[in-house]
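Structure file start-v1.cif (mmCIF, C-alpha atoms) follows.
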```cif
data_query
loop_
_atom_site.label_atom_id
_atom_site.label_comp_id
_atom_site.auth_asym_id
_atom_site.auth_seq_id
_atom_site.Cartn_x
_atom_site.Cartn_y
_atom_site.Cartn_z
CA MET A 1 102.22 81.37 81.10
CA THR A 2 102.54 78.91 83.94
CA ILE A 3 104.60 75.75 84.01
CA LYS A 4 105.32 73.38 86.86
CA LEU A 5 109.00 73.60 87.76
CA ASN A 6 110.41 71.16 90.32
CA GLY A 7 106.93 70.59 91.66
CA ASP A 8 105.91 74.26 92.02
CA PRO A 9 104.07 76.67 89.70
CA HIS A 10 106.49 78.91 87.82
CA GLU A 11 105.71 81.90 85.60
CA ILE A 12 107.55 82.44 82.33
CA PRO A 13 106.75 85.05 79.63
CA GLY A 14 106.03 82.50 76.91
CA PRO A 15 107.24 79.25 75.33
CA VAL A 16 111.00 78.85 75.74
CA SER A 17 113.64 76.27 74.97
CA ILE A 18 115.21 74.35 77.83
CA SER A 19 118.48 76.21 77.12
CA ALA A 20 116.69 79.54 77.53
CA LEU A 21 114.99 78.46 80.75
CA LEU A 22 118.31 77.35 82.21
CA ASP A 23 119.82 80.71 81.23
CA GLN A 24 116.94 82.58 82.88
CA LEU A 25 117.52 80.56 86.06
CA ALA A 26 121.33 81.01 85.85
CA ILE A 27 121.85 77.24 85.93
CA ASP A 28 124.87 75.62 84.30
CA GLY A 29 123.32 73.07 81.94
CA ARG A 30 126.40 70.85 82.00
CA ARG A 31 125.85 69.87 85.62
CA VAL A 32 122.15 69.14 85.63
CA ALA A 33 119.66 66.77 84.09
CA VAL A 34 116.28 67.93 82.82
CA GLU A 35 113.04 66.06 82.56
CA LEU A 36 110.19 67.42 80.43
CA ASN A 37 106.82 65.80 81.14
CA LEU A 38 108.51 62.76 82.73
CA ALA A 39 110.95 62.13 79.86
CA VAL A 40 114.66 62.88 80.24
CA VAL A 41 115.88 65.40 77.67
CA LYS A 42 119.37 64.80 76.29
CA LYS A 43 121.72 67.78 76.58
CA ALA A 44 122.01 67.92 72.80
CA ALA A 45 118.27 68.60 72.62
CA TYR A 46 118.15 71.53 75.09
CA ASP A 47 118.01 74.10 72.26
CA SER A 48 115.31 72.32 70.30
CA SER A 49 113.04 71.23 73.19
CA VAL A 50 110.38 73.85 73.80
CA ILE A 51 108.54 74.22 77.09
CA LYS A 52 104.84 75.09 76.70
CA GLU A 53 101.97 76.14 78.96
CA GLY A 54 101.26 73.55 81.65
CA ASP A 55 104.41 71.50 81.01
CA GLU A 56 106.09 69.81 83.93
CA VAL A 57 109.81 70.39 84.16
CA GLU A 58 112.25 68.82 86.61
CA ILE A 59 115.80 70.09 86.91
CA VAL A 60 118.05 67.94 89.08
CA ASN A 61 121.70 67.81 90.02
CA PHE A 62 124.02 65.75 92.21
CA VAL A 63 124.04 66.36 95.94
CA GLY A 64 125.74 64.55 98.79
CA GLY A 65 124.45 61.04 99.40
CA GLY A 66 125.44 57.53 100.33
CA MET B 1 146.57 42.79 96.25
CA SER B 2 144.46 42.77 93.10
CA ASP B 3 142.17 45.59 92.07
CA LEU B 4 138.39 45.60 92.28
CA VAL B 5 136.86 45.03 88.85
CA ILE B 6 133.16 45.70 88.25
CA ALA B 7 131.66 45.38 84.76
CA GLY B 8 135.16 45.58 83.26
CA ARG B 9 136.06 48.80 85.04
CA THR B 10 139.01 48.64 87.42
CA PHE B 11 139.12 50.38 90.80
CA ARG B 12 142.30 50.57 92.83
CA SER B 13 140.43 50.84 96.09
CA ARG B 14 137.97 48.34 97.51
CA LEU B 15 136.47 51.09 99.64
CA ILE B 16 133.59 53.07 98.16
CA VAL B 17 132.45 56.12 100.11
CA GLY B 18 129.52 58.50 100.14
CA THR B 19 129.31 62.26 99.82
CA GLY B 20 126.49 62.97 102.28
CA LYS B 21 126.36 64.36 105.80
CA TYR B 22 129.92 65.69 106.09
CA PRO B 23 130.40 68.77 108.28
CA SER B 24 131.56 70.65 105.17
CA HIS B 25 132.48 70.08 101.55
CA SER B 26 136.15 70.68 102.29
CA ILE B 27 136.16 68.06 105.06
CA MET B 28 134.48 65.69 102.61
CA ARG B 29 137.22 66.29 100.07
CA ALA B 30 139.94 65.65 102.67
CA ALA B 31 138.16 62.50 103.83
CA HIS B 32 137.87 61.22 100.26
CA GLU B 33 141.60 61.76 99.85
CA ALA B 34 142.38 59.94 103.10
CA SER B 35 140.07 57.05 102.20
CA GLY B 36 141.89 56.34 98.95
CA ALA B 37 138.50 55.64 97.35
CA ASP B 38 138.22 56.08 93.61
CA MET B 39 134.44 55.72 93.48
CA VAL B 40 131.96 57.83 95.46
CA THR B 41 128.18 57.78 95.60
CA VAL B 42 126.04 60.85 94.95
CA ALA B 43 122.30 61.51 95.20
CA VAL B 44 120.08 63.01 92.49
CA ARG B 45 117.90 65.86 93.77
CA ARG B 46 116.01 68.88 92.48
CA VAL B 47 118.14 71.98 91.93
CA ASP B 48 117.27 74.71 94.41
CA ILE B 49 116.15 77.44 92.03
CA THR B 50 115.49 79.99 94.78
CA ARG B 51 119.08 80.33 95.88
CA LYS B 52 122.57 79.58 94.65
CA THR B 53 124.17 76.71 96.50
CA GLU B 54 127.72 75.46 96.26
CA SER B 55 128.06 72.61 93.81
CA LEU B 56 129.14 69.30 95.29
CA LEU B 57 131.10 68.66 92.11
CA ASP B 58 133.45 71.56 92.90
CA TYR B 59 134.78 69.33 95.67
CA ILE B 60 135.19 66.07 93.78
CA ASP B 61 138.05 65.57 91.32
CA THR B 62 136.13 63.60 88.73
CA SER B 63 139.31 62.92 86.77
CA LYS B 64 140.33 60.62 89.63
CA ILE B 65 137.06 59.74 91.32
CA PHE B 66 134.24 57.90 89.57
CA LEU B 67 130.71 59.12 90.39
CA LEU B 68 128.09 56.52 91.25
CA PRO B 69 124.61 58.12 91.31
CA ASN B 70 122.13 56.48 93.67
CA THR B 71 118.36 56.25 93.71
CA ALA B 72 118.08 56.86 97.46
CA ALA B 73 114.63 57.65 98.86
CA CYS B 74 112.86 55.96 95.95
CA TYR B 75 110.05 53.74 97.18
CA THR B 76 108.89 52.32 93.87
CA ALA B 77 110.64 50.71 90.92
CA ASP B 78 109.25 53.45 88.66
CA ASP B 79 110.72 56.28 90.77
CA ALA B 80 114.07 54.49 90.96
CA ILE B 81 114.12 53.96 87.18
CA ARG B 82 113.26 57.62 86.60
CA THR B 83 115.97 58.76 89.00
CA ALA B 84 118.51 56.43 87.39
CA ARG B 85 117.76 57.93 83.96
CA LEU B 86 118.20 61.45 85.34
CA GLY B 87 121.44 60.45 87.06
CA ARG B 88 122.77 59.06 83.80
CA GLU B 89 122.06 62.35 82.01
CA ALA B 90 123.54 64.45 84.84
CA GLY B 91 126.68 62.37 85.12
CA MET B 92 127.20 60.95 81.66
CA SER B 93 127.83 57.42 82.92
CA ASN B 94 125.41 54.53 82.85
CA TRP B 95 126.25 53.27 86.34
CA VAL B 96 123.69 53.36 89.12
CA LYS B 97 123.58 52.35 92.76
CA LEU B 98 120.01 51.10 92.67
CA GLU B 99 117.91 51.54 95.79
CA VAL B 100 114.22 50.73 96.05
CA ILE B 101 113.30 51.28 99.67
CA GLY B 102 110.49 49.31 101.26
CA ASP B 103 110.28 50.74 104.76
CA GLU B 104 110.86 54.22 106.15
CA LYS B 105 112.04 53.22 109.59
CA THR B 106 114.57 50.55 108.64
CA LEU B 107 115.27 51.69 105.06
CA PHE B 108 115.29 48.02 104.18
CA PRO B 109 115.03 47.38 100.46
CA ASP B 110 111.85 46.35 98.68
CA THR B 111 113.47 43.43 96.94
CA GLU B 112 110.50 42.83 94.65
CA GLY B 113 110.70 46.39 93.30
CA LEU B 114 114.48 46.15 93.24
CA LEU B 115 114.43 43.10 90.97
CA GLU B 116 111.87 44.73 88.70
CA ALA B 117 113.92 47.94 88.40
CA THR B 118 117.12 45.95 87.87
CA ARG B 119 115.60 44.09 84.92
CA VAL B 120 114.35 47.30 83.28
CA LEU B 121 117.61 49.23 83.77
CA VAL B 122 119.84 46.36 82.61
CA LYS B 123 117.75 46.21 79.44
CA GLU B 124 118.36 49.96 78.98
CA GLY B 125 122.10 49.42 79.17
CA PHE B 126 122.72 50.50 82.75
CA ILE B 127 125.46 49.02 84.92
CA VAL B 128 123.29 48.23 87.93
CA LEU B 129 124.69 47.89 91.45
CA PRO B 130 121.69 47.08 93.65
CA TYR B 131 121.61 47.77 97.38
CA THR B 132 119.85 44.76 98.83
CA ASN B 133 119.11 42.64 101.85
CA ASP B 134 121.70 40.17 103.11
CA ASP B 135 119.62 37.47 101.46
CA PRO B 136 121.58 34.98 99.33
CA VAL B 137 118.54 34.05 97.24
CA VAL B 138 117.74 37.67 96.35
CA CYS B 139 121.42 38.29 95.57
CA ARG B 140 121.39 35.33 93.19
CA LYS B 141 118.24 36.58 91.50
CA LEU B 142 119.75 40.07 91.10
CA ALA B 143 122.88 38.63 89.51
CA ASP B 144 120.72 36.48 87.22
CA ALA B 145 118.79 39.64 86.27
CA GLY B 146 122.05 41.20 85.08
CA ALA B 147 123.28 43.21 88.08
CA ALA B 148 127.00 44.00 87.72
CA ALA B 149 127.54 43.51 91.46
CA VAL B 150 125.36 42.83 94.47
CA MET B 151 125.47 45.10 97.50
CA PRO B 152 123.99 43.40 100.56
CA LEU B 153 123.60 45.50 103.69
CA GLY B 154 125.60 44.70 106.81
CA ALA B 155 122.99 46.43 108.99
CA PRO B 156 120.42 49.22 108.46
CA ILE B 157 121.71 52.35 106.68
CA GLY B 158 123.39 54.74 109.10
CA SER B 159 122.95 52.37 112.07
CA GLY B 160 126.63 51.64 112.65
CA LEU B 161 125.70 48.22 114.01
CA GLY B 162 128.31 46.33 112.00
CA ILE B 163 127.81 43.07 110.13
CA GLN B 164 124.66 41.58 111.67
CA ASN B 165 124.61 38.33 109.72
CA PRO B 166 128.18 37.40 108.85
CA ASN B 167 127.19 33.93 107.75
CA ASN B 168 124.83 35.27 105.10
CA ILE B 169 127.54 37.55 103.72
CA ARG B 170 129.85 34.52 103.54
CA ILE B 171 127.18 32.47 101.73
CA ILE B 172 126.42 35.35 99.33
CA LYS B 173 130.10 35.56 98.45
CA ALA B 174 130.50 31.80 98.13
CA GLN B 175 127.75 31.54 95.52
CA ALA B 176 128.29 34.91 93.83
CA THR B 177 128.96 35.21 90.12
CA VAL B 178 129.48 38.99 90.43
CA PRO B 179 131.41 41.15 92.94
CA VAL B 180 129.89 41.46 96.41
CA ILE B 181 130.03 44.90 98.04
CA VAL B 182 128.86 45.17 101.64
CA ASP B 183 126.83 48.36 101.64
CA ALA B 184 125.58 50.04 104.81
CA GLY B 185 125.78 49.26 108.48
CA VAL B 186 129.49 49.78 109.11
CA GLY B 187 130.17 51.73 112.32
CA THR B 188 133.89 51.56 112.77
CA ALA B 189 137.04 50.16 111.21
CA SER B 190 136.71 46.64 112.62
CA ASP B 191 133.29 46.29 110.93
CA ALA B 192 134.87 47.03 107.57
CA ALA B 193 137.64 44.55 108.27
CA VAL B 194 135.07 41.88 109.19
CA ALA B 195 133.21 42.44 105.92
CA MET B 196 136.42 42.00 103.96
CA GLU B 197 137.51 38.96 106.01
CA LEU B 198 134.20 37.32 105.11
CA GLY B 199 135.28 37.59 101.49
CA ALA B 200 133.44 40.70 100.35
CA ASP B 201 135.03 42.29 97.29
CA GLY B 202 134.48 45.77 98.68
CA VAL B 203 132.72 47.89 101.26
CA LEU B 204 130.54 50.95 100.71
CA MET B 205 129.95 53.41 103.55
CA ASN B 206 128.92 56.98 104.19
CA THR B 207 127.78 57.75 107.75
CA ALA B 208 130.61 55.84 109.46
CA ILE B 209 133.08 58.32 107.97
CA ALA B 210 130.98 61.47 107.57
CA GLY B 211 129.49 61.20 111.04
CA ALA B 212 132.71 60.39 112.89
CA GLN B 213 134.10 63.08 115.18
CA ASP B 214 137.11 63.28 112.88
CA PRO B 215 135.93 62.16 109.43
CA VAL B 216 139.39 62.43 107.85
CA ALA B 217 141.01 60.21 110.50
CA MET B 218 138.14 57.72 110.22
CA ALA B 219 138.50 57.67 106.44
CA ARG B 220 142.13 56.64 106.82
CA ALA B 221 141.15 54.02 109.44
CA MET B 222 138.62 52.59 106.98
CA ARG B 223 141.16 52.49 104.20
CA LEU B 224 143.56 50.51 106.40
CA ALA B 225 140.76 48.25 107.69
CA VAL B 226 139.59 47.35 104.20
CA GLU B 227 143.16 46.57 103.17
CA ALA B 228 143.81 44.59 106.36
CA GLY B 229 140.58 42.64 106.02
CA ARG B 230 141.27 41.83 102.40
CA LEU B 231 144.81 40.67 103.16
CA ALA B 232 143.57 38.50 106.04
CA TYR B 233 140.95 36.94 103.78
CA LEU B 234 143.53 36.16 101.12
CA ALA B 235 146.04 34.93 103.72
CA GLY B 236 143.56 32.37 105.04
CA ARG B 237 142.84 32.52 108.75
CA ILE B 238 143.49 29.63 111.17
CA PRO B 239 140.53 27.47 112.17
CA ARG B 240 138.66 28.39 115.36
CA LYS B 241 139.23 25.87 118.19
CA SER B 242 137.83 25.62 121.69
CA TYR B 243 141.09 24.82 123.43
CA ALA B 244 144.63 26.13 123.46
CA THR B 245 147.47 25.04 121.24
CA ALA B 246 150.82 26.14 122.64
CA SER B 247 152.89 28.47 120.49
CA SER B 248 156.17 27.76 122.33
CA PRO B 249 157.88 24.35 122.29
CA LEU B 250 156.93 22.04 125.16
CA HIS B 251 160.36 20.39 124.95
CA GLY B 252 163.24 21.83 126.99
CA VAL B 253 161.25 23.64 129.66
CA ILE B 254 163.61 24.17 132.66
CA GLY B 255 162.97 22.23 135.86
CA SER B 256 161.27 19.38 134.03
#
```

Represent the structure contained in this file as structure tokens.
Amino acid sequence: MTIKLNGDPHEIPGPVSISALLDQLAIDGRRVAVELNLAVVKKAAYDSSVIKEGDEVEIVNFVGGG
Amino acid sequence: MSDLVIAGRTFRSRLIVGTGKYPSHSIMRAAHEASGADMVTVAVRRVDITRKTESLLDYIDTSKIFLLPNTAACYTADDAIRTARLGREAGMSNWVKLEVIGDEKTLFPDTEGLLEATRVLVKEGFIVLPYTNDDPVVCRKLADAGAAAVMPLGAPIGSGLGIQNPNNIRIIKAQATVPVIVDAGVGTASDAAVAMELGADGVLMNTAIAGAQDPVAMARAMRLAVEAGRLAYLAGRIPRKSYATASSPLHGVIGS
């Protein structure tokens, strides 16, 4: 199934939790923030929030800035 | 010299520095150390999922340095609000350096959008530090809207032009009910000292340090300049006069 990840189409085998997606991408969940369909998902809800076909996911972190 | 207090949180340094545009992360870390800053700004951006990049946070000791996420490059209140919410979740603090940009070339703030975003974020419990024009009326409105500090620009971001409208900064400080941080426009140490001599409670800069030929040396210069400017402000400078007043006694000059 296809989701939109950070603005681009992204293929995943089927519905997954945010935790599972982060694992697949080898991203440390403690250092990022995740938005699912424009709503920020609290870290405590990463296991219970399921990403479905067509969902829009944003994964952000801190970079250098002023 | 007293500490900088914003929204009940105490900072030992009145210099706030950025984390962007350094030649390397290790030079950034050394510059942070030399600056004495205990608050640094960071940007919120998409994770690069195609390749592993070094984490900025590996180079910031967050037990000593407080992270202030910004909403840089947001051109609408909605985007800035969204970015602030993401920054809060990524950093686990409710502080935000709020930017709503109104023009690509000057990066001047869209003060209408800035006020709107400030109101929304304050209501959501954020500690909002808005980057704004050097406009005393807008600064007053931001404070009235619940901003924890106001951060008027000295000059356009990254321009290094120094404080372009010193009188406005003085007026903003004179009427302020919250701390005033001069944010952006500093080019060299004397600019930072001028900002502090005008009464600013602090100075925020990125490019002036990161873009200097020797960022670590410039960070130390800025630290000293901010301290010197603050001390001069507290000491109370002499009035400006058009003509000389002799420093040595006129009495007892030989040959008279």

I'd like the contact shell of Arg46 of chain B - 7 Å cut-off, only C-alpha atoms, skipping same-chain residues fewer than 5 positions apart - returned as a ChimeraX atom specification.
/A:6,58-61

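Take the candidates A:Ile51, A:Val63, A:Glu35, A:Glu56 and check each one against Leu21 of chain A using all atoms listed in the file; the shortest distance goes to A:Ile51.
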
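The result of the PyMOL selection byres ((chain A) within 10 of (chain B)) on the shown file is Leu5, Asn6, Gly7, Leu25, Ala26, Ile27, Gly29, Arg30, Arg31, Val32, Ala33, Val34, Glu35, Leu38, Ala39, Val40, Val41, Lys42, Lys43, Glu58, Ile59, Val60, Asn61, Phe62, Val63, Gly64, Gly65 and Gly66 of chain A.
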
Closest to Pro15 of chain A among A:Asp28, A:Thr2, A:Leu36, A:Ala45, using all atoms listed in the file?
A:Thr2

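Straight-line separation from atom CA of Arg29 of chain B to atom CA of Ile60 of chain B: 6.6 Å.
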
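Evaluating the PyMOL selection byres ((chain B and resi 114) around 10) against the shown model yields Tyr75, Thr76, Ala77, Ala80, Ile81, Leu98, Glu99, Val100, Ile101, Gly102, Pro109, Asp110, Thr111, Glu112, Gly113, Leu115, Glu116, Ala117, Thr118, Arg119, Pro130, Tyr131, Thr132, Val138 and Leu142 of chain B.
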
Using the chain letters and numbers from the file, which residues does the PyMOL selection byres ((chain B and resi 192) around 10) grab, as a PyMOL selection string?
chain B and resi 15+154+162-163+182+185-191+193-197+200+202-205+208+221-230
